[in-house]
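Shown next: coords31.cif, containing mmCIF, C-alpha atoms.
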```cif
data_structure
loop_
_atom_site.group_PDB
_atom_site.id
_atom_site.type_symbol
_atom_site.label_atom_id
_atom_site.label_comp_id
_atom_site.auth_asym_id
_atom_site.auth_seq_id
_atom_site.Cartn_x
_atom_site.Cartn_y
_atom_site.Cartn_z
ATOM 1 C CA MET A 1 -112.883 -23.394 12.461
ATOM 2 C CA SER A 2 -115.308 -20.978 10.864
ATOM 3 C CA SER A 3 -112.617 -18.288 10.672
ATOM 4 C CA ASP A 4 -110.363 -20.672 8.711
ATOM 5 C CA THR A 5 -113.261 -21.412 6.388
ATOM 6 C CA ASP A 6 -113.973 -17.711 5.977
ATOM 7 C CA ARG A 7 -110.328 -16.997 5.167
ATOM 8 C CA SER A 8 -110.270 -19.839 2.667
ATOM 9 C CA ALA A 9 -113.441 -18.584 1.001
ATOM 10 C CA THR A 10 -112.027 -15.054 0.889
ATOM 11 C CA GLY A 11 -108.857 -16.341 -0.731
ATOM 12 C CA VAL A 12 -110.804 -18.226 -3.374
ATOM 13 C CA THR A 13 -112.938 -15.161 -4.067
ATOM 14 C CA ALA A 14 -109.848 -12.974 -4.421
ATOM 15 C CA ARG A 15 -108.198 -15.392 -6.827
ATOM 16 C CA THR A 16 -111.396 -15.663 -8.842
ATOM 17 C CA SER A 17 -111.660 -11.887 -8.963
ATOM 18 C CA GLU A 18 -108.037 -11.598 -10.093
ATOM 19 C CA ARG A 19 -108.596 -14.153 -12.837
ATOM 20 C CA GLY A 20 -111.721 -12.326 -13.956
ATOM 21 C CA ALA A 21 -109.856 -9.006 -14.091
ATOM 22 C CA ALA A 22 -107.008 -10.610 -16.041
ATOM 23 C CA THR A 23 -109.458 -12.133 -18.503
ATOM 24 C CA ARG A 24 -111.162 -8.770 -19.006
ATOM 25 C CA VAL A 25 -107.800 -7.084 -19.683
ATOM 26 C CA ALA A 26 -106.839 -9.848 -22.137
ATOM 27 C CA LEU A 27 -110.147 -9.535 -23.981
ATOM 28 C CA LEU A 28 -109.773 -5.769 -24.320
ATOM 29 C CA ALA A 29 -106.169 -6.101 -25.536
ATOM 30 C CA ALA A 30 -107.242 -8.700 -28.082
ATOM 31 C CA ALA A 31 -110.204 -6.591 -29.199
ATOM 32 C CA ARG A 32 -107.912 -3.616 -29.666
ATOM 33 C CA GLU A 33 -105.611 -5.635 -31.937
ATOM 34 C CA VAL A 34 -108.480 -7.094 -33.949
ATOM 35 C CA PHE A 35 -110.319 -3.770 -34.346
ATOM 36 C CA VAL A 36 -107.149 -1.937 -35.376
ATOM 37 C CA THR A 37 -106.287 -4.650 -37.905
ATOM 38 C CA SER A 38 -109.729 -5.451 -39.301
ATOM 39 C CA GLY A 39 -111.938 -2.519 -38.335
ATOM 40 C CA PHE A 40 -115.081 -2.830 -36.257
ATOM 41 C CA ALA A 41 -117.398 -4.105 -38.987
ATOM 42 C CA ASP A 42 -115.135 -6.967 -40.067
ATOM 43 C CA ALA A 43 -113.934 -7.943 -36.591
ATOM 44 C CA GLY A 44 -115.301 -11.203 -35.208
ATOM 45 C CA VAL A 45 -115.993 -12.147 -31.613
ATOM 46 C CA THR A 46 -114.456 -15.577 -32.206
ATOM 47 C CA GLU A 47 -111.212 -13.963 -33.364
ATOM 48 C CA VAL A 48 -111.110 -11.754 -30.264
ATOM 49 C CA VAL A 49 -111.710 -14.740 -27.984
ATOM 50 C CA ALA A 50 -109.069 -16.859 -29.717
ATOM 51 C CA ARG A 51 -106.471 -14.099 -29.514
ATOM 52 C CA ALA A 52 -107.257 -13.529 -25.839
ATOM 53 C CA GLY A 53 -107.037 -17.235 -25.038
ATOM 54 C CA ALA A 54 -110.475 -16.999 -23.470
ATOM 55 C CA SER A 55 -113.894 -18.520 -24.067
ATOM 56 C CA VAL A 56 -116.942 -17.012 -25.713
ATOM 57 C CA GLY A 57 -118.744 -17.421 -22.394
ATOM 58 C CA SER A 58 -116.103 -15.367 -20.586
ATOM 59 C CA LEU A 59 -116.437 -12.581 -23.154
ATOM 60 C CA TYR A 60 -120.184 -12.388 -22.604
ATOM 61 C CA HIS A 61 -119.622 -12.501 -18.856
ATOM 62 C CA HIS A 62 -117.633 -9.264 -19.034
ATOM 63 C CA PHE A 63 -119.148 -7.565 -22.090
ATOM 64 C CA SER A 64 -122.473 -7.578 -23.874
ATOM 65 C CA GLY A 65 -120.819 -8.088 -27.248
ATOM 66 C CA LYS A 66 -118.543 -6.583 -29.887
ATOM 67 C CA ALA A 67 -119.987 -3.074 -29.593
ATOM 68 C CA ASP A 68 -119.469 -3.099 -25.820
ATOM 69 C CA LEU A 69 -115.812 -4.035 -26.313
ATOM 70 C CA TYR A 70 -115.377 -1.145 -28.751
ATOM 71 C CA LEU A 71 -117.134 1.385 -26.510
ATOM 72 C CA THR A 72 -115.141 0.242 -23.476
ATOM 73 C CA LEU A 73 -111.892 0.756 -25.383
ATOM 74 C CA PHE A 74 -113.100 4.232 -26.328
ATOM 75 C CA GLU A 75 -114.127 5.179 -22.796
ATOM 76 C CA GLU A 76 -110.849 3.933 -21.330
ATOM 77 C CA PHE A 77 -108.880 5.858 -23.962
ATOM 78 C CA GLN A 78 -110.865 9.010 -23.179
ATOM 79 C CA ALA A 79 -110.239 8.512 -19.454
ATOM 80 C CA ARG A 80 -106.487 8.371 -20.128
ATOM 81 C CA GLN A 81 -106.750 11.488 -22.294
ATOM 82 C CA THR A 82 -108.632 13.342 -19.563
ATOM 83 C CA GLN A 83 -105.962 12.358 -17.046
ATOM 84 C CA ARG A 84 -103.218 13.556 -19.389
ATOM 85 C CA THR A 85 -104.821 16.960 -19.870
ATOM 86 C CA LYS A 86 -105.561 17.366 -16.155
ATOM 87 C CA GLN A 87 -101.953 16.549 -15.302
ATOM 88 C CA ALA A 88 -100.699 19.046 -17.879
ATOM 89 C CA LEU A 89 -102.929 21.781 -16.455
ATOM 90 C CA GLN A 90 -101.836 20.999 -12.905
ATOM 91 C CA THR A 91 -98.202 21.233 -13.975
ATOM 92 C CA VAL A 92 -98.444 24.625 -15.715
ATOM 93 C CA ARG A 93 -100.638 26.036 -12.963
ATOM 94 C CA SER A 94 -98.086 24.958 -10.358
ATOM 95 C CA GLU A 95 -95.534 26.950 -12.369
ATOM 96 C CA GLY A 96 -97.709 30.053 -12.016
ATOM 97 C CA GLU A 97 -99.482 30.113 -15.385
ATOM 98 C CA THR A 98 -102.914 31.772 -15.273
ATOM 99 C CA ASP A 99 -103.541 32.886 -18.863
ATOM 100 C CA PRO A 100 -106.608 30.943 -20.108
ATOM 101 C CA MET A 101 -105.323 30.495 -23.663
ATOM 102 C CA ARG A 102 -101.944 29.222 -22.463
ATOM 103 C CA LEU A 103 -103.716 26.800 -20.141
ATOM 104 C CA PHE A 104 -105.873 25.657 -23.050
ATOM 105 C CA ILE A 105 -102.780 25.113 -25.216
ATOM 106 C CA ALA A 106 -101.097 23.093 -22.445
ATOM 107 C CA GLY A 107 -104.134 20.833 -22.252
ATOM 108 C CA ALA A 108 -104.400 20.645 -26.044
ATOM 109 C CA ARG A 109 -100.736 19.655 -26.331
ATOM 110 C CA ALA A 110 -101.212 16.863 -23.791
ATOM 111 C CA TYR A 111 -104.286 15.654 -25.691
ATOM 112 C CA LEU A 112 -102.466 15.631 -29.028
ATOM 113 C CA GLU A 113 -99.455 13.872 -27.514
ATOM 114 C CA GLY A 114 -101.800 11.226 -26.106
ATOM 115 C CA CYS A 115 -103.325 10.722 -29.557
ATOM 116 C CA LEU A 116 -99.870 10.307 -31.062
ATOM 117 C CA ALA A 117 -98.757 7.967 -28.267
ATOM 118 C CA GLU A 118 -101.804 5.768 -28.934
ATOM 119 C CA ARG A 119 -101.981 6.578 -32.616
ATOM 120 C CA GLU A 120 -103.505 3.294 -33.847
ATOM 121 C CA LEU A 121 -106.243 3.360 -31.232
ATOM 122 C CA ALA A 122 -107.023 7.049 -31.785
ATOM 123 C CA ALA A 123 -107.220 6.420 -35.545
ATOM 124 C CA LEU A 124 -109.624 3.533 -34.952
ATOM 125 C CA PHE A 125 -112.130 5.891 -33.335
ATOM 126 C CA LEU A 126 -111.783 8.513 -36.083
ATOM 127 C CA ARG A 127 -112.236 6.331 -39.163
ATOM 128 C CA GLY A 128 -116.022 6.244 -38.906
ATOM 129 C CA ASP A 129 -116.119 2.454 -38.645
ATOM 130 C CA GLY A 130 -117.786 2.020 -35.278
ATOM 131 C CA PRO A 131 -120.943 0.490 -33.844
ATOM 132 C CA PRO A 132 -124.341 2.075 -34.588
ATOM 133 C CA GLY A 133 -124.776 5.300 -32.649
ATOM 134 C CA PHE A 134 -121.063 5.775 -31.994
ATOM 135 C CA GLU A 135 -121.074 9.144 -33.756
ATOM 136 C CA LEU A 136 -123.518 10.381 -31.089
ATOM 137 C CA VAL A 137 -121.141 9.238 -28.353
ATOM 138 C CA VAL A 138 -118.308 11.157 -30.031
ATOM 139 C CA ARG A 139 -120.480 14.248 -30.439
ATOM 140 C CA ASP A 140 -121.427 14.156 -26.763
ATOM 141 C CA ARG A 141 -117.772 13.770 -25.798
ATOM 142 C CA LEU A 142 -116.890 16.804 -27.925
ATOM 143 C CA ARG A 143 -119.516 18.843 -26.079
ATOM 144 C CA GLN A 144 -118.041 17.746 -22.766
ATOM 145 C CA TRP A 145 -114.575 18.712 -24.016
ATOM 146 C CA ALA A 146 -115.801 22.186 -25.025
ATOM 147 C CA LYS A 147 -117.434 22.582 -21.606
ATOM 148 C CA ARG A 148 -114.180 21.721 -19.818
ATOM 149 C CA ASN A 149 -112.320 24.162 -22.041
ATOM 150 C CA ALA A 150 -114.873 26.899 -21.315
ATOM 151 C CA ALA A 151 -114.181 26.464 -17.608
ATOM 152 C CA LEU A 152 -110.646 27.786 -18.228
ATOM 153 C CA PHE A 153 -112.026 31.179 -19.289
ATOM 154 C CA ASP A 154 -113.724 33.857 -17.216
ATOM 155 C CA GLY A 155 -116.932 35.423 -18.453
ATOM 156 C CA ASP A 156 -118.845 34.650 -21.610
ATOM 157 C CA GLU A 157 -116.374 33.429 -24.245
ATOM 158 C CA GLY A 158 -118.567 30.568 -25.414
ATOM 159 C CA ALA A 159 -118.138 31.345 -29.116
ATOM 160 C CA LEU A 160 -114.348 31.408 -28.859
ATOM 161 C CA VAL A 161 -114.280 28.115 -26.984
ATOM 162 C CA VAL A 162 -116.614 26.405 -29.470
ATOM 163 C CA VAL A 163 -114.586 27.611 -32.463
ATOM 164 C CA VAL A 164 -111.197 26.704 -31.022
ATOM 165 C CA THR A 165 -112.344 23.325 -29.700
ATOM 166 C CA GLY A 166 -114.004 22.477 -33.002
ATOM 167 C CA ALA A 167 -110.893 23.483 -34.928
ATOM 168 C CA LEU A 168 -108.717 21.399 -32.649
ATOM 169 C CA ALA A 169 -111.008 18.379 -33.038
ATOM 170 C CA ALA A 170 -110.725 18.654 -36.832
ATOM 171 C CA ALA A 171 -106.949 18.982 -36.540
ATOM 172 C CA VAL A 172 -106.770 15.894 -34.332
ATOM 173 C CA SER A 173 -108.414 13.884 -37.102
ATOM 174 C CA GLU A 174 -105.904 15.106 -39.707
ATOM 175 C CA ILE A 175 -102.966 14.519 -37.372
ATOM 176 C CA VAL A 176 -103.938 11.014 -36.315
ATOM 177 C CA LEU A 177 -105.032 9.753 -39.727
ATOM 178 C CA SER A 178 -101.960 11.008 -41.580
ATOM 179 C CA PRO A 179 -99.815 8.040 -42.750
ATOM 180 C CA ASP A 180 -96.605 9.959 -41.982
ATOM 181 C CA GLU A 181 -95.901 10.097 -38.248
ATOM 182 C CA ASP A 182 -93.223 12.799 -38.559
ATOM 183 C CA ALA A 183 -95.585 14.930 -40.622
ATOM 184 C CA SER A 184 -98.263 14.383 -37.979
ATOM 185 C CA ARG A 185 -95.995 15.693 -35.250
ATOM 186 C CA ARG A 186 -95.056 18.748 -37.321
ATOM 187 C CA LEU A 187 -98.718 19.432 -38.022
ATOM 188 C CA ALA A 188 -99.524 19.128 -34.300
ATOM 189 C CA GLU A 189 -96.882 21.757 -33.483
ATOM 190 C CA ASP A 190 -98.158 24.033 -36.267
ATOM 191 C CA VAL A 191 -101.731 23.720 -34.982
ATOM 192 C CA LEU A 192 -100.681 24.601 -31.432
ATOM 193 C CA ALA A 193 -98.666 27.570 -32.717
ATOM 194 C CA ILE A 194 -101.661 28.876 -34.671
ATOM 195 C CA ILE A 195 -103.952 28.510 -31.655
ATOM 196 C CA GLY A 196 -101.344 30.333 -29.593
ATOM 197 C CA ARG A 197 -101.624 33.355 -31.891
ATOM 198 C CA ILE A 198 -105.369 33.683 -31.285
ATOM 199 C CA PRO A 199 -105.935 36.723 -29.056
ATOM 200 C CA GLY A 200 -107.211 35.851 -25.630
ATOM 201 C CA PRO A 201 -110.700 37.015 -24.630
ATOM 202 C CA GLN A 202 -109.323 39.931 -22.646
ATOM 203 C CA ALA A 203 -106.894 41.068 -25.397
#
```

Structure re-expressed in structure tokens:
Amino acid sequence: MSSDTDRSATGVTARTSERGAATRVALLAAAREVFVTSGFADAGVTEVVARAGASVGSLYHHFSGKADLYLTLFEEFQARQTQRTKQALQTVRSEGETDPMRLFIAGARAYLEGCLAERELAALFLRGDGPPGFELVVRDRLRQWAKRNAALFDGDEGALVVVVTGALAAAVSEIVLSPDEDASRRLAEDVLAIIGRIPGPQA
């Protein structure tokens, strides 16, 4: 009898967990739409909840508020970007590529393609309309990005990595915020071509 009760309780818990996960996904999707349309400052929690078909209580069960929704969207986007660049590096390495600059360009291309694939979301994070302190989060993420890029190079090429990463970050902003998608893609290719002409550290 107790085993039946245990199984029943487990089933209820699983369904509750599934509903909670679905609600969280719906809230994030709604927040994305509202932030992209209205910007962070003008977005309202009530609008997010209404679009998600959820309750205010459920939002505060999963998130601490509007800023938490925004930061979660950012972190999840960055996680997808990291996965894209890792996959690109794995692919070119499996094909025998070992040149650090070519590896960097492969990762940079994957990052830019991810920004273009999620253009509206990427633009949201680059417009400067985020919660207080968000610029520090972005700055820290840029440092992490430079550190990962430095790991592609042997020896002490810190200055090269900082310059190239910083230039790429500036280019990402121009590419994503451009109103012309075709022009953005052309600019992305031009940026990658220019980076490709930079002599490697051993050249």

Return as a PDB file with C-alpha atoms, in the frame of the given file the set of residues that the PyMOL selection byres ((chain A and resi 169) around 12) yields on the displayed structure.
```
ATOM      1  CA  ALA A 108    -104.400  20.645 -26.044  1.00  0.00           C
ATOM      2  CA  TYR A 111    -104.286  15.654 -25.691  1.00  0.00           C
ATOM      3  CA  LEU A 112    -102.466  15.631 -29.028  1.00  0.00           C
ATOM      4  CA  CYS A 115    -103.325  10.722 -29.557  1.00  0.00           C
ATOM      5  CA  LEU A 126    -111.783   8.513 -36.083  1.00  0.00           C
ATOM      6  CA  VAL A 138    -118.308  11.157 -30.031  1.00  0.00           C
ATOM      7  CA  ARG A 139    -120.480  14.248 -30.439  1.00  0.00           C
ATOM      8  CA  ARG A 141    -117.772  13.770 -25.798  1.00  0.00           C
ATOM      9  CA  LEU A 142    -116.890  16.804 -27.925  1.00  0.00           C
ATOM     10  CA  ARG A 143    -119.516  18.843 -26.079  1.00  0.00           C
ATOM     11  CA  TRP A 145    -114.575  18.712 -24.016  1.00  0.00           C
ATOM     12  CA  ALA A 146    -115.801  22.186 -25.025  1.00  0.00           C
ATOM     13  CA  VAL A 161    -114.280  28.115 -26.984  1.00  0.00           C
ATOM     14  CA  VAL A 162    -116.614  26.405 -29.470  1.00  0.00           C
ATOM     15  CA  VAL A 163    -114.586  27.611 -32.463  1.00  0.00           C
ATOM     16  CA  VAL A 164    -111.197  26.704 -31.022  1.00  0.00           C
ATOM     17  CA  THR A 165    -112.344  23.325 -29.700  1.00  0.00           C
ATOM     18  CA  GLY A 166    -114.004  22.477 -33.002  1.00  0.00           C
ATOM     19  CA  ALA A 167    -110.893  23.483 -34.928  1.00  0.00           C
ATOM     20  CA  LEU A 168    -108.717  21.399 -32.649  1.00  0.00           C
ATOM     21  CA  ALA A 170    -110.725  18.654 -36.832  1.00  0.00           C
ATOM     22  CA  ALA A 171    -106.949  18.982 -36.540  1.00  0.00           C
ATOM     23  CA  VAL A 172    -106.770  15.894 -34.332  1.00  0.00           C
ATOM     24  CA  SER A 173    -108.414  13.884 -37.102  1.00  0.00           C
ATOM     25  CA  GLU A 174    -105.904  15.106 -39.707  1.00  0.00           C
ATOM     26  CA  ILE A 175    -102.966  14.519 -37.372  1.00  0.00           C
ATOM     27  CA  VAL A 176    -103.938  11.014 -36.315  1.00  0.00           C
ATOM     28  CA  ALA A 188     -99.524  19.128 -34.300  1.00  0.00           C
ATOM     29  CA  VAL A 191    -101.731  23.720 -34.982  1.00  0.00           C
TER      30      VAL A 191
END
```

CA of Glu47 (chain A) sits from CA of Ser17 (chain A) at a separation of 24.5 Å

Take the PyMOL selection byres ((chain A and resi 82) around 12), apply it to the structure above, and return the hits as a ChimeraX atom specification.
/A:75-81,83-89,107-108,110-112,114-115,141,144-145,148-149

Selected residue, from A:Leu28, A:Thr98, A:Gly20, A:Ile195, that lies nearest to Ala67 (chain A) when counting all atoms listed in the file:
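Smallest separation from Ala67 (chain A) among the options: A:Leu28.
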
For a test of reading the model, state the distance in Å between CA of Arg32 (chain A) and CA of Phe74 (chain A), rounded to one decimal.
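If I compute the distance from CA of Arg32 (chain A) to CA of Phe74 (chain A), I get 10.0 Å.
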
Report the distance between CA of Arg119 (chain A) and CA of Leu71 (chain A) in Å, rounded to one decimal place.
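So the answer is 17.1 Å.
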
From the list A:Ala52, A:Ser38, A:Gln90, A:Pro179, which residue is nearest Ala22 (chain A) when using only C-alpha atoms?
A:Ala52

For this structure, which residues satisfy the selection - the PyMOL selection byres ((chain A and resi 25) around 12) - when it is evaluated on the file as given? I want them as an MDAnalysis selection string.
chainID A and resid 18:24 26:32 49 52:54 58:59 62:63 69 72:73 76

Write out as AutoDock Vina command-line options an axis-aligned box for region 17-29 of chain A: all of its atoms listed in the file, 4 Å added on each side, centre and edge lengths in Å with one decimal.
```
--center_x -108.9 --center_y -10.0 --center_z -17.2 --size_x 13.6 --size_y 16.4 --size_z 24.6
```

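Counting only C-alpha atoms, the residue from A:Ile198, A:Leu177, A:Ala41, A:Val34 that sits nearest to Ala122 (chain A) is A:Leu177.
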
List as a CSV table (one decimal) with C-alpha atoms, in the frame of the given file the residues having at least one atom at most 12 Å from position (-96.8, 29.1, -31.0) as given in the file, counting only C-alpha atoms.
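Once written, selection-v8.csv looks like this:
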```
chain,number,residue,atom,x,y,z
A,101,MET,CA,-105.3,30.5,-23.7
A,102,ARG,CA,-101.9,29.2,-22.5
A,105,ILE,CA,-102.8,25.1,-25.2
A,106,ALA,CA,-101.1,23.1,-22.4
A,109,ARG,CA,-100.7,19.7,-26.3
A,188,ALA,CA,-99.5,19.1,-34.3
A,189,GLU,CA,-96.9,21.8,-33.5
A,190,ASP,CA,-98.2,24.0,-36.3
A,191,VAL,CA,-101.7,23.7,-35.0
A,192,LEU,CA,-100.7,24.6,-31.4
A,193,ALA,CA,-98.7,27.6,-32.7
A,194,ILE,CA,-101.7,28.9,-34.7
A,195,ILE,CA,-104.0,28.5,-31.7
A,196,GLY,CA,-101.3,30.3,-29.6
A,197,ARG,CA,-101.6,33.4,-31.9
A,198,ILE,CA,-105.4,33.7,-31.3
```

Considering only C-alpha atoms, can you say which of A:Glu113, A:Gly133, A:Glu120, A:Val45 comes closest to Gly57 (chain A)?
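Closest candidate: A:Val45.
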
Please rebuild region 167-201 of chain A with N, CA and C atoms and return the result as a PDB file, keeping the file's coordinate frame.
```pdb
ATOM      1  N   ALA A 167    -112.057  23.475 -34.044  1.00  0.00           N
ATOM      2  CA  ALA A 167    -110.893  23.483 -34.928  1.00  0.00           C
ATOM      3  C   ALA A 167    -109.860  22.458 -34.470  1.00  0.00           C
ATOM      4  N   LEU A 168    -109.680  22.357 -33.179  1.00  0.00           N
ATOM      5  CA  LEU A 168    -108.717  21.399 -32.649  1.00  0.00           C
ATOM      6  C   LEU A 168    -109.171  19.971 -32.919  1.00  0.00           C
ATOM      7  N   ALA A 169    -110.480  19.719 -32.773  1.00  0.00           N
ATOM      8  CA  ALA A 169    -111.008  18.379 -33.038  1.00  0.00           C
ATOM      9  C   ALA A 169    -110.771  17.981 -34.494  1.00  0.00           C
ATOM     10  N   ALA A 170    -110.979  18.935 -35.421  1.00  0.00           N
ATOM     11  CA  ALA A 170    -110.725  18.654 -36.832  1.00  0.00           C
ATOM     12  C   ALA A 170    -109.244  18.394 -37.071  1.00  0.00           C
ATOM     13  N   ALA A 171    -108.391  19.159 -36.388  1.00  0.00           N
ATOM     14  CA  ALA A 171    -106.949  18.982 -36.540  1.00  0.00           C
ATOM     15  C   ALA A 171    -106.505  17.629 -36.001  1.00  0.00           C
ATOM     16  N   VAL A 172    -107.100  17.199 -34.906  1.00  0.00           N
ATOM     17  CA  VAL A 172    -106.770  15.894 -34.332  1.00  0.00           C
ATOM     18  C   VAL A 172    -106.996  14.800 -35.361  1.00  0.00           C
ATOM     19  N   SER A 173    -108.104  14.884 -36.091  1.00  0.00           N
ATOM     20  CA  SER A 173    -108.414  13.884 -37.102  1.00  0.00           C
ATOM     21  C   SER A 173    -107.346  13.855 -38.181  1.00  0.00           C
ATOM     22  N   GLU A 174    -106.941  15.030 -38.675  1.00  0.00           N
ATOM     23  CA  GLU A 174    -105.904  15.106 -39.707  1.00  0.00           C
ATOM     24  C   GLU A 174    -104.568  14.577 -39.192  1.00  0.00           C
ATOM     25  N   ILE A 175    -104.244  14.914 -37.961  1.00  0.00           N
ATOM     26  CA  ILE A 175    -102.966  14.519 -37.372  1.00  0.00           C
ATOM     27  C   ILE A 175    -102.887  13.008 -37.183  1.00  0.00           C
ATOM     28  N   VAL A 176    -103.948  12.438 -36.644  1.00  0.00           N
ATOM     29  CA  VAL A 176    -103.938  11.014 -36.315  1.00  0.00           C
ATOM     30  C   VAL A 176    -104.030  10.142 -37.562  1.00  0.00           C
ATOM     31  N   LEU A 177    -104.811  10.581 -38.550  1.00  0.00           N
ATOM     32  CA  LEU A 177    -105.032   9.753 -39.727  1.00  0.00           C
ATOM     33  C   LEU A 177    -103.953   9.909 -40.804  1.00  0.00           C
ATOM     34  N   SER A 178    -103.052  10.849 -40.617  1.00  0.00           N
ATOM     35  CA  SER A 178    -101.960  11.008 -41.580  1.00  0.00           C
ATOM     36  C   SER A 178    -101.064   9.770 -41.554  1.00  0.00           C
ATOM     37  N   PRO A 179    -100.670   9.237 -42.722  1.00  0.00           N
ATOM     38  CA  PRO A 179     -99.815   8.040 -42.750  1.00  0.00           C
ATOM     39  C   PRO A 179     -98.376   8.309 -42.339  1.00  0.00           C
ATOM     40  N   ASP A 180     -97.988   9.582 -42.308  1.00  0.00           N
ATOM     41  CA  ASP A 180     -96.605   9.959 -41.982  1.00  0.00           C
ATOM     42  C   ASP A 180     -96.549  10.486 -40.550  1.00  0.00           C
ATOM     43  N   GLU A 181     -95.925   9.715 -39.669  1.00  0.00           N
ATOM     44  CA  GLU A 181     -95.901  10.097 -38.248  1.00  0.00           C
ATOM     45  C   GLU A 181     -95.129  11.383 -38.022  1.00  0.00           C
ATOM     46  N   ASP A 182     -93.998  11.566 -38.724  1.00  0.00           N
ATOM     47  CA  ASP A 182     -93.223  12.799 -38.559  1.00  0.00           C
ATOM     48  C   ASP A 182     -94.034  14.011 -39.016  1.00  0.00           C
ATOM     49  N   ALA A 183     -94.734  13.845 -40.133  1.00  0.00           N
ATOM     50  CA  ALA A 183     -95.585  14.930 -40.622  1.00  0.00           C
ATOM     51  C   ALA A 183     -96.700  15.232 -39.624  1.00  0.00           C
ATOM     52  N   SER A 184     -97.210  14.202 -38.986  1.00  0.00           N
ATOM     53  CA  SER A 184     -98.263  14.383 -37.979  1.00  0.00           C
ATOM     54  C   SER A 184     -97.761  15.225 -36.821  1.00  0.00           C
ATOM     55  N   ARG A 185     -96.550  14.945 -36.381  1.00  0.00           N
ATOM     56  CA  ARG A 185     -95.995  15.693 -35.250  1.00  0.00           C
ATOM     57  C   ARG A 185     -95.739  17.153 -35.640  1.00  0.00           C
ATOM     58  N   ARG A 186     -95.278  17.368 -36.864  1.00  0.00           N
ATOM     59  CA  ARG A 186     -95.056  18.748 -37.321  1.00  0.00           C
ATOM     60  C   ARG A 186     -96.379  19.494 -37.406  1.00  0.00           C
ATOM     61  N   LEU A 187     -97.401  18.808 -37.926  1.00  0.00           N
ATOM     62  CA  LEU A 187     -98.718  19.432 -38.022  1.00  0.00           C
ATOM     63  C   LEU A 187     -99.267  19.768 -36.643  1.00  0.00           C
ATOM     64  N   ALA A 188     -99.063  18.876 -35.672  1.00  0.00           N
ATOM     65  CA  ALA A 188     -99.524  19.128 -34.300  1.00  0.00           C
ATOM     66  C   ALA A 188     -98.876  20.394 -33.746  1.00  0.00           C
ATOM     67  N   GLU A 189     -97.576  20.556 -33.965  1.00  0.00           N
ATOM     68  CA  GLU A 189     -96.882  21.757 -33.483  1.00  0.00           C
ATOM     69  C   GLU A 189     -97.395  23.000 -34.201  1.00  0.00           C
ATOM     70  N   ASP A 190     -97.638  22.893 -35.511  1.00  0.00           N
ATOM     71  CA  ASP A 190     -98.158  24.033 -36.267  1.00  0.00           C
ATOM     72  C   ASP A 190     -99.541  24.445 -35.759  1.00  0.00           C
ATOM     73  N   VAL A 191    -100.377  23.444 -35.478  1.00  0.00           N
ATOM     74  CA  VAL A 191    -101.731  23.720 -34.982  1.00  0.00           C
ATOM     75  C   VAL A 191    -101.664  24.449 -33.643  1.00  0.00           C
ATOM     76  N   LEU A 192    -100.817  23.963 -32.743  1.00  0.00           N
ATOM     77  CA  LEU A 192    -100.681  24.601 -31.432  1.00  0.00           C
ATOM     78  C   LEU A 192    -100.136  26.022 -31.560  1.00  0.00           C
ATOM     79  N   ALA A 193     -99.221  26.235 -32.505  1.00  0.00           N
ATOM     80  CA  ALA A 193     -98.666  27.570 -32.717  1.00  0.00           C
ATOM     81  C   ALA A 193     -99.738  28.529 -33.225  1.00  0.00           C
ATOM     82  N   ILE A 194    -100.585  28.042 -34.142  1.00  0.00           N
ATOM     83  CA  ILE A 194    -101.661  28.876 -34.671  1.00  0.00           C
ATOM     84  C   ILE A 194    -102.654  29.240 -33.573  1.00  0.00           C
ATOM     85  N   ILE A 195    -103.030  28.240 -32.762  1.00  0.00           N
ATOM     86  CA  ILE A 195    -103.952  28.510 -31.655  1.00  0.00           C
ATOM     87  C   ILE A 195    -103.338  29.525 -30.699  1.00  0.00           C
ATOM     88  N   GLY A 196    -102.031  29.424 -30.497  1.00  0.00           N
ATOM     89  CA  GLY A 196    -101.344  30.333 -29.593  1.00  0.00           C
ATOM     90  C   GLY A 196    -101.360  31.776 -30.063  1.00  0.00           C
ATOM     91  N   ARG A 197    -101.581  31.985 -31.357  1.00  0.00           N
ATOM     92  CA  ARG A 197    -101.624  33.355 -31.891  1.00  0.00           C
ATOM     93  C   ARG A 197    -103.016  33.959 -31.822  1.00  0.00           C
ATOM     94  N   ILE A 198    -104.013  33.146 -31.427  1.00  0.00           N
ATOM     95  CA  ILE A 198    -105.369  33.683 -31.285  1.00  0.00           C
ATOM     96  C   ILE A 198    -105.412  34.584 -30.068  1.00  0.00           C
ATOM     97  N   PRO A 199    -105.873  35.837 -30.225  1.00  0.00           N
ATOM     98  CA  PRO A 199    -105.935  36.723 -29.056  1.00  0.00           C
ATOM     99  C   PRO A 199    -106.829  36.164 -27.975  1.00  0.00           C
ATOM    100  N   GLY A 200    -106.402  36.282 -26.753  1.00  0.00           N
ATOM    101  CA  GLY A 200    -107.211  35.851 -25.630  1.00  0.00           C
ATOM    102  C   GLY A 200    -108.446  36.715 -25.502  1.00  0.00           C
ATOM    103  N   PRO A 201    -109.430  36.284 -24.733  1.00  0.00           N
ATOM    104  CA  PRO A 201    -110.700  37.015 -24.630  1.00  0.00           C
ATOM    105  C   PRO A 201    -110.558  38.403 -24.037  1.00  0.00           C
TER     106      PRO A 201
END
```
